[in-house]
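Student: Attaching a single structure in structure tokens format; questions to follow.
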Amino acid sequence: METEKEKELLQLKEVTIRFAGDSGDGMQLTGTQFSETTALVGNDLNTLPDYPAEIRAPAGTIYGVSGFQLHFSSEDIFTPGDQPDVLVAMNPAALKKNLPELKKGGMIIVNSDSFDIKNLNLAHYESNPLEDGSLDGYQVYQVPISSLTANALEGVKLSPKEVARAKNFFALGLMYWLFNRPIDKTVQWIHEKFAKNPEYIEGNEKALRAGYNFGEMTELFTARYTVEPAKLPKGTYRSISGNEATALGFLAASVKSGLPLFLGSYPITPASEIIQYLSTYKNFGVKTFQAEDEIAGITTAIGASFAGNLAITSTSGPGLALKTEAIGLAVMTELPLVIIDVQRGGPSTGLPTKTEQADLLQAVCGRNGEAPVPVLAAATPSDCFNMAIEASRIAIKYMTPVILLTDGYIANGSEPWKIPHVNELPEIPVKFRTEKEGFYPYLRDENLARPWAIPGTPELEHRIGGLEKSDIYGNVSYDPDNHHKMVTLRAKKIKNIENDIPLLEVEGESSGELLVLGWGGTYGAIKEAVNKARAQGYKVSQAHFRYINPFPKNTEQVLKSFKKILIPEINLGQLAKLIKSEFLVDVQQFNVVRGLPLRVADIVDQIIKTLGGNNGK
Amino acid sequence: METEKEKELLQLKEVTIRFAGDSGDGMQLTGTQFSETTALVGNDLNTLPDYPAEIRAPAGTIYGVSGFQLHFSSEDIFTPGDQPDVLVAMNPAALKKNLPELKKGGMIIVNSDSFDIKNLNLAHYESNPLEDGSLDGYQVYQVPISSLTANALEGVKLSPKEVARAKNFFALGLMYWLFNRPIDKTVQWIHEKFAKNPEYIEGNEKALRAGYNFGEMTELFTARYTVEPAKLPKGTYRSISGNEATALGFLAASVKSGLPLFLGSYPITPASEIIQYLSTYKNFGVKTFQAEDEIAGITTAIGASFAGNLAITSTSGPGLALKTEAIGLAVMTELPLVIIDVQRGGPSTGLPTKTEQADLLQAVCGRNGEAPVPVLAAATPSDCFNMAIEASRIAIKYMTPVILLTDGYIANGSEPWKIPHVNELPEIPVKFRTEKEGFYPYLRDENLARPWAIPGTPELEHRIGGLEKSDIYGNVSYDPDNHHKMVTLRAKKIKNIENDIPLLEVEGESSGELLVLGWGGTYGAIKEAVNKARAQGYKVSQAHFRYINPFPKNTEQVLKSFKKILIPEINLGQLAKLIKSEFLVDVQQFNVVRGLPLRVADIVDQIIKTLGGNNGK
Amino acid sequence: MANNVEVKEIKYTAKDFASDQEVRWCPGCGDYSILAQVQRTFPEIIDRPKEKIVWVSGIGCSSRFPYYMNTYGFHGIHGRAPAIATGVKLANPELSVWVASGDGDLLSIGGNHFIHACRKNIDLKILMFNNRIYGLTKGQYSPTSEKGKITKTTPYGSVDYPFNPPMLALGAEASFIARSIDRHPKHLQEMIRRAGLHKGTAFIEIFQNCNIFNDGAFALLTEKDTKDDHVLELVHGQPMIFGKNKDKGIKLDGLTPMVVDLTSGKYSKDDLWVHDEFDPNPARTAILAMFDETPGFPTPIGIFRQIIKETYDEGLFRQIEEVKKKKGEGDLEKILFSGNVWEVN
Amino acid sequence: MANNVEVKEIKYTAKDFASDQEVRWCPGCGDYSILAQVQRTFPEIIDRPKEKIVWVSGIGCSSRFPYYMNTYGFHGIHGRAPAIATGVKLANPELSVWVASGDGDLLSIGGNHFIHACRKNIDLKILMFNNRIYGLTKGQYSPTSEKGKITKTTPYGSVDYPFNPPMLALGAEASFIARSIDRHPKHLQEMIRRAGLHKGTAFIEIFQNCNIFNDGAFALLTEKDTKDDHVLELVHGQPMIFGKNKDKGIKLDGLTPMVVDLTSGKYSKDDLWVHDEFDPNPARTAILAMFDETPGFPTPIGIFRQIIKETYDEGLFRQIEEVKKKKGEGDLEKILFSGNVWEVN
Ligand SMILES: Cc1ncc(C[n+]2csc(CCOP(=O)(O)OP(=O)(O)O)c2C)c(N)n1
Ligand SMILES: Cc1ncc(C[n+]2csc(CCOP(=O)(O)OP(=O)(O)O)c2C)c(N)n1
Ligand code: SF4
Ligand code: SF4
Ligand SMILES: [Mg+2]
Ligand SMILES: [Mg+2]
């Protein structure tokens with residue numbers, strides 16, 4: 001929190017706030033509302049929801065703490081912030097769990113009502129931290145949020161339980177006051193959300209206003225803060241999460257290709273929202289099929305692709321594992337299909353609600369036989385929109401399954417998105433084969449793609465399947481030389497896609513001492529770290545993969561332009577493995593597998609370490 | 001076929017024979033009998049059955065041709081032979097399909113009765129190859145096998161169909177005569193096999209003797225051949241196929257560990273024989289559970305492992321794909337388990353009856369999350385026995401799932417095996433945890449293995465599962481630092497196994513110009529090729545992996561000792577990828593993916609090419 | 001009558017449905033008859049141009065079926081045919097989608113997709129070639145093999161009980177359940193015809209002889225001497241009579257079926273249980289399905305039951321139309337620019 | 001009575017079955033009651049030391065169950081609990097193996113393992129916590145959700161029909177089929193007790209309230225005012241009577257059940273259908289299972305049916321003993337040196 005001027009309304013460049021409380025305390029809602037309002041105010045922002053695997057863990061426990069962190073700024077930002085400046089802790093457990101990550105000297109706002117013996121015990125506090133001096137060095141604000149909310153709601157026809165639940169709106173109102181944001185958007189939201197429940201409207205709105213007024217009226221806070229709008233490019237914006245962007249991207253791909261969208265999927269955290277969003281677009285003819293399992297999710301999609309739909313399937317790591325056999329079928333039948341894997345902590349069930357990047361090798365080579373598949377990875381929440389369209393385009397143009405990797409962090413996190421107009425989006429041309437003359441199911445075009453001749457097309461009746469196909473004719477073939485040829489052709493078809501994707505871009509000098517190389521959802525953290533290191537005078541550039549199989553054509557050239565290459569990943573070095581085997585260049589790895597986004601400061605440290613302490617000269 | 005002396009009984013060093021006929025002609029049986037007898041005679045030998053994916057394709061068609069090739073010698077041999085010296089063709093389709101692979105000038109024995117219009121048409125012959133001169137340059141022997149068999153069986157109470165079916169025994173008898181082998185073993189087999197069917201005994205034995213006598217009596221063949229016994233090490237031998245050796249290896253591991261064997265499996269070519277063999281050992285307490293699918297195959301095995309059995313699951317590529325999610329569970333729960341993948345042609349259903357090596361990357365890295373698993377690969381049919389024991393030993397000692405790769409070629413092929421005595425086999429010590437004192441489910445021993453405390457053990461009740469475990473205690477833990485620690489620990493545990501496996505052995509000079517590096521079932525072909533090249537004066541050595549994850553400790557050192565490394569594989573370069581990423585050394589690849597074993601001659605060519613024509617100086 | 005309203009009247013013959021691929025089953029395999037009956041029946045029942053027919057299968061001898069039909073075809077992976085077929089049908093509901101599967105493919109690895117297709121009542125016709133063995137993998141026992149059966153994987157006899165396929169389909173509340181036999185071509189044709197006319201998941205179990213690995217499994221039901229005494233042909237509205245001389249019948253005593261002798265004078269046709277294939281009561285199918293497992297009872301063939309209810313595909317497209325009516329055709333620009341948007345100038 | 005023949009008499013209390021792990025379901029979740037009833041029942045039904053009990057589960061809120069039982073436990077992967085449990089049981093048949101699963105875990109992704117476990121009659125006790133929703137993944141519809149239900153993945157209502165779990169279990173010929181309700185602790189205890197005593201696959205469907213994502217799904221069956229009129233408690237040997245004043249009964253007319261009024265004077269108890277849980281006739285269960293789907297009928301709880309037949313594990317170990325008797329204990333040396341062996345000197 002860097003202060004610019006020293007007056008009653010303090011201007012800040014950026015702030016990171018974390019809301020934390022019981023799963024039942026509505027912290028996700030509070031965080032989302034604050035984000036929405038902050039977006040409307042024009043700040044750049046980035047969010048990190050963090051909730052327990054339990055649905056509603058018992059109140060007051062540490063493992064039941066749910067958090068929502070958001071980082072907003074008057075400048076471009078790329079991460080939810082390493083460490084919060086401000087912690088709003090609704091109970092002792094929330095304080096206990098989150099204090100270690102709060103910035104030194106940061107601000108703590110606690111619901112002091114909740115610091116009773118029972119809650120202190122549940123949080124395993126031996127004495128009250130508000131009293132025992134353990135918070136010395138922080139700016140602590142004790143606000144009796146529960147009782148103030150109860151007072152404010154006196155007379156409203158709500159049960160004591162419902163009144164208690166309104167306290168998050170009090171906290172939200174207080175934070176709106178403190179950071180000088182308007183409350184009307186949230187007021188409006190309350191009215192819409194609870195349209196059928198006038199008491200809820202009354203209660204929540206009163207709590208919100210009470211929180212705001214509390215800041216205004218009391219002497220507790222001597223200063224307010226403001227963060228100026230960011231200078232974003234001109235346009236219309238909305239705040240968007242990765243999962244929503246993914247859903248919209250496929251909706252757009254459906255519209256731009258003219259193909260009905262078919263999603264076969266089985267719910268799994270953190271991918272379920274994709275089917276949930278898409279299921280609301282029935283009036284676009286979108287078909288969302290909640291299958292009996294992941295295998296049915298993908299095989300129904302394969303059937304739909306055969307019959308001419310834009311077919312996709314969404315899942316997370318364990319589901320991708322289950323889909324591997326069927327992906328091979330799509331490879332052999334050369335049908336367009338997009339498989340979305342929202343990566344989460346593994347192995348096995350692992351850490352279902354946490355983020356990770358450890359499915360990369362599974363995506364690139366986790367199939368029986370030689371089964372090459374293009375692999376794409378979105379870099380930020382809004383980039384999911386672009387990559388969904390790209391994945392669809394490649395799948396259709398090359399008649400191939402495509403794997404699109406996102407991760408729990410960008411899927412749930414959000415950022416402002418400059419909304420594109422439909423006519424600015426790339427077209428996705430589709431040519432179904434209809435002419436009988438010269439039709440063979442495995443005759444290839446200039447992209448080595450076979451024709452898409454869908455059932456219903458007269459005189460093109462043909463049969464496909466998972467057995468090896470004869471070249472051109474597509475009949476079952478056990479011929480040894482044909483097999484070698486087809487294995488090679490399939491590999492070549494995918495490799496050729498390198499001619500049809502953007503080159504790897506270097507941010508910073510295009511050659512030099514150190515390149516920090518990443519892929520997927522670590523884009524923001526690496527970018528911020530590289531920027532910081534450069535600001536400190538270190539010579540370092542960044543390049544980031546959104547296309548991993550095949551790699552962009554200029555990858556080797558980029559790699560060879562730097563003396564050192566540092567690859568930070570939230571896994572044990574999976575991209576590093578691919579880079580080493582493909583380009584035989586040595587790389588430095590930085591691997592932190594904590595179920596959380598990489599910390600900017602850690603990457604900066606690593607950059608400095610890699611440069612040997614001197615600034616790259 | 002290298003002739004040593006020029007007299008009536010010609011001595012040969014080695015011969016390759018291929019029997020070919022309709023699927024219903026009993027070629028697999030003929031080949032197996034010839035092999036058994038040849039083994040008993042003391043030759044070294046190596047076989048390659050090759051049958052169509054169809055069960056009984058209509059008679060006379062080319063795709064219905066079933067073949068069995070065997071290579072036997074008075075010296076050590078390692079492959080079934082690139083090209084047959086002798087082709088026994090029971091019909092035109094068999095001739096048509098196999099002629100291209102016959103050695104120039106080779107011997108052809110045809111059943112001339114079958115060369116009628118109908119069969120010629122079915123084989124797509126436009127004229128009779130026995131008459132149109134197209135076989136000029138080969139030694140062609142036309143034998144009316146069908147009618148000679150019919151004559152021989154006159155009076156035997158068999159239907160015409162049954163008589164016709166006996167013709168393979170005639171052919172077998174003739175070949176026994178030609179290559180100077182005794183018929184008694186087969187006679188004995190006939191008596192045992194058809195004990196309940198005296199007419200079959202009579203018919204088949206008569207046909208066999210008629211074939212033998214035909215050779216003796218007619219003037220058709222002017223010479224007989226003999227191949228002296230090979231100088232194999234002293235011992236008791238049997239001829240064994242890879243699948244049988246695999247089954248016996250696990251049976252042995254069960255006996256040597258004292259653990260009952262549990263196999264959960266779902267039939268799939270070419271792995272089904274493993275469950276079939278093991279299902280006959282019920283009196284060892286072996287439990288073979290034919291599951292409803294591959295996922296149930298592995299998950300029942302995981303349950304059995306939890307409960308203290310030696311648990312294994314067998315499959316081929318598509319099945320391995322289905323098991324990936326569950327392998328992750330075994331990684332997280334750290335339970336011993338062996339997964340056997342008998343690799344076949346892929347991707348997808350691919351070439352189900354053919355061999356391939358393209359599941360390596362799936363085995364090494366085809367799982368969600370960081371899920372390290374040891375990967376072993378058997379080099380020859382009899383080596384499957386050793387590697388099954390090794391896989392069991394490692395699984396138990398390190399409490400980990402282990403993947404054992406074999407392939408269709410070594411699974412179905414056979415070779416003489418010097419049978420080990422039970423007391424020569426390594427012990428597999430098992431220590432179930434029983435003491436309560438100091439017990440924690442995830443406390444590790446010196447191998448980083450956790451204790452195996454099985455249900456039924458008093459006072460050690462505990463719970464495991466697929467969610468991330470807290471270090472030592474094994475409770476569910478969402479703690480970020482714990483996750484990083486556990487991910488690292490699991491990786492380290494597997495990496496450490498490098499201290500417990502044999503070093504990579506170099507055959508030939510231990511350093512120099514060229515190392516041919518292979519893994520798994522290509523051992524024989526590479527060995528023969530390297531030997532040939534060395535005999536021609538080329539400086540080349542061989543090293544072969546049977547342990548791939550982790551690699552043997554001295555791998556880097558071996559690689560660095562050679563200027564060039566050539567990696568022949570029946571895939572597009574999967575070991576090459578691993579070697580490059582792990583050791584950053586450049587390698588030459590030789591990849592032929594034809595569903596067949598590599599040809600020795602092709603590898604020799606490649607060696608010569610890699611050496612740039614000069615012999616390695 | 002092949003009568004296609006959309007285009008013009010098309011008349012097909014059985015030959016039109018034969019593809020150019022050589023049929024590769026073992027000589028004598030029961031699959032040949034099934035193929036022949038399908039090809040013979042199709043000209044009569046197919047109400048749309050043949051490019052609108054899709055055959056989907058899994059893996060197995062039986063699953064080679066699509067290659068031999070001159071329609072669109074998809075030879076899938078083991079067990080997944082019902083799911084692939086579901087995708088085809090939902091992608092384009094105008095297609096007539098047929099599944100060919102084996103007892104292993106459909107009931108072992110594919111069991112879950114099968115019961116879920118039945119539950120959802122997806123408009124698929126599923127033909128299960130039940131040879132009570134794994135043919136393609138050369139003779140392991142299947143989930144329909146009899147307890148005690150000796151096969152390659154059960155050298156001492158299996159110890160598990162088989163599924164009763166109509167019972168399982170009933171458990172999943174399939175809307176059409178029938179059974180026929182490869183060696184009864186006329187009957188099989190009729191079942192195919194009726195399945196083709198049904199809307200919803202239609203399941204036909206077809207007893208099929210695998211002469212290589214399980215020869216004679218259904219000999220009692222197909223051999224001249226025995227079949228009349230062992231097969232009960234269910235006919236809607238008719239009393240259940242069987243036997244070489246039509247001399248035996250089924251009577252229902254409460255919930256308990258009995259085989260009665262019609263010649264003894266004690267029972268007449270009027271005492272017999274009358275078959276009602278439209279009876280929605282699952283008890284009927286449950287009782288019929290158990291005949292097989294009950295000594296002395298004949299094996300029923302025919303339509304066990306057939307009920308009409310909305311199919312999944314109908315429901316899905318009905319809903320799409322309803323939402324379109326309510327919200328208007330989707331407008332992407334509007335959706336993109338919806339929610340909390342703001343302008344930056 | 002906890003009575004263990006092998007060792008010594010062991011007396012457990014409910015507390016002995018509580019593990020040291022904090023229970024983490026939502027406050028108010030029906031799962032708490034199920035856990036309590038299991039812990040209360042176990043001291044009475046468990047006939048062996050508690051280290052011989054294993055709880056296996058898949059993934060879901062319900063599948064957290066094993067963590068809370070102080071026995072051996074395995075929290076598996078989604079849908080695979082019946083298969084993992086099968087492996088445990090076959091590895092060591094002395095273990096008493098229990099499965100805790102949800103409607104999604106057991107009937108959606110795990111459907112195939114479930115029906116195959118039933119078919120094979122593996123000696124497992126399967127408790128399915130049916131809340132008609134996916135709890136852990138936050139509220140998508142499940143295969144037991146009513147048609148038309150609005151959930152996160154069906155914002156316009158689902159278009160598929162739910163499974164009827166007892167019917168599906170019947171289709172797979174499960175040897176023990178029962179149903180109970182989280183809010184009827186005594187009844188639930190009785191069902192757990194009876195399942196525990198059964199040999200073979202015992203399936204209990206337990207209606208369970210998910211107060212977060214599907215609150216009140218079973219309110220009619222649990223609320224004071226309504227439950228008596230909507231629940232039929234099946235009691236062996238007793239006529240089927242229900243209603244607040246025990247004034248309604250079920251009569252069987254042929255295969256057709258009817259609800260009759262016992263106060264009108266037209267029908268008496270003697271006219272009613274008497275429950276026989278040992279009746280092997282599947283028609284009984286089929287009819288009972290359909291009550292739920294038939295307007296005006298009460299929802300049966302209790303044991304639908306229970307039949308005794310050899311379990312898979314019994315068969316397996318019987319066979320092992322038979323083969324040992326016939327061929328002698330396995331001798332590895334002999335096996336290795338069998339077949340066509342030859343000597344090289
Ligand atoms: C994933 C997978 N598992 C196993 C197999 C091997 N497999 C092929 S067909 C088959 C069973 C065939 O039996 P069935 O479905 O009854 O068909 P049939 O050959 O008897 O007609 C099996 C186990 C496979 N191809 N793929
Ligand atoms: C392979 C796989 N697919 C999907 C999931 C996500 N998932 C976890 S639990 C669950 C469903 C839970 O529903 P149910 O079994 O009814 O249990 P409940 O939570 O309602 O008790 C799903 C879809 C997963 N963990 N693994
Ligand atoms: S193996 Fe059996 S089912 Fe398969 S084609 Fe041959 S006879 Fe038919
Ligand atoms: S989400 Fe529902 S089922 Fe899960 S713990 Fe909460 S109340 Fe129970
Ligand atoms: Mg079959
Ligand atoms: Mg549920």
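Ligands are numbered from 1 in the order shown, chains are lettered A, B, ... in the order of the structure tokens, and residues start at 1 in each chain.
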Fewer than 5 positions away in the same chain doesn't count, so skip those; otherwise give me all residues within 7 Å of Leu87 of chain A, counting only C-alpha atoms, as JSON, numbers by chain.

Tutor: {"A": [17, 18, 19, 102, 107, 108, 109]}

Student: Let's have the selection written as a PDB file, in the first residue's frame, with C-alpha atoms.

Tutor:
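Contents of the output file selection36.pdb:
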```pdb
ATOM      1  CA  ILE A  17      -7.688  -6.682   0.710  1.00  0.00           C
ATOM      2  CA  ARG A  18      -8.562 -10.081   2.047  1.00  0.00           C
ATOM      3  CA  PHE A  19     -12.014 -10.817   3.434  1.00  0.00           C
ATOM      4  CA  LEU A 102      -0.728 -10.119   6.084  1.00  0.00           C
ATOM      5  CA  MET A 107      -4.465  -3.137   8.661  1.00  0.00           C
ATOM      6  CA  ILE A 108      -6.693  -5.572  10.504  1.00  0.00           C
ATOM      7  CA  ILE A 109     -10.395  -5.057  10.877  1.00  0.00           C
TER       8      ILE A 109
END
```

Student: Show me, as a ChimeraX atom specification, the residues of chain A whose atoms get within 7 Å of chain B, using only C-alpha atoms for the distance check.

Tutor: /A:317-318,321-322,324-325,328-329,332,345-351,358-359,361-362,365-371,466-468,478,480-481,483-484,571,577-578,580-581,584,592-595

Student: Among segment 263-493 of chain B, which ones does DSSP place in alpha helix (DSSP H), written as a VMD selection string?

Tutor: chain B and resid 272 to 278 294 to 306 317 to 333 360 to 365 383 to 398 408 to 412 480 to 493

Student: One decimal, Å: what's the distance from atom CA of Lys50 of chain C over to atom CA of Pro458 of chain A, could you say?

Tutor: 7.9 Å

Student: For the strand (DSSP E or B) assignment from backbone DSSP, which residues of segment 303-521 of chain A qualify? Please present them as a PyMOL selection string.

Tutor: chain A and resi 310-315+337-343+345+350-351+375-377+401-407+414-418+432+442+452+463-465+467+469+472+476+506-507+512-519

Student: Rank nothing, just name the residue among C:Thr153, C:Gln140, C:Asn112, C:Thr256 nearest to ligand 5, using only C-alpha atoms and all ligand atoms.

Tutor: C:Gln140

Student: Find the residues in chain D near chain B: any atom within 6 Å counts, using only C-alpha atoms. Write them as a ChimeraX atom specification.

Tutor: /D:51-52,71-76,83-84,86-88,91,320,323-324,329-330,333,340-345
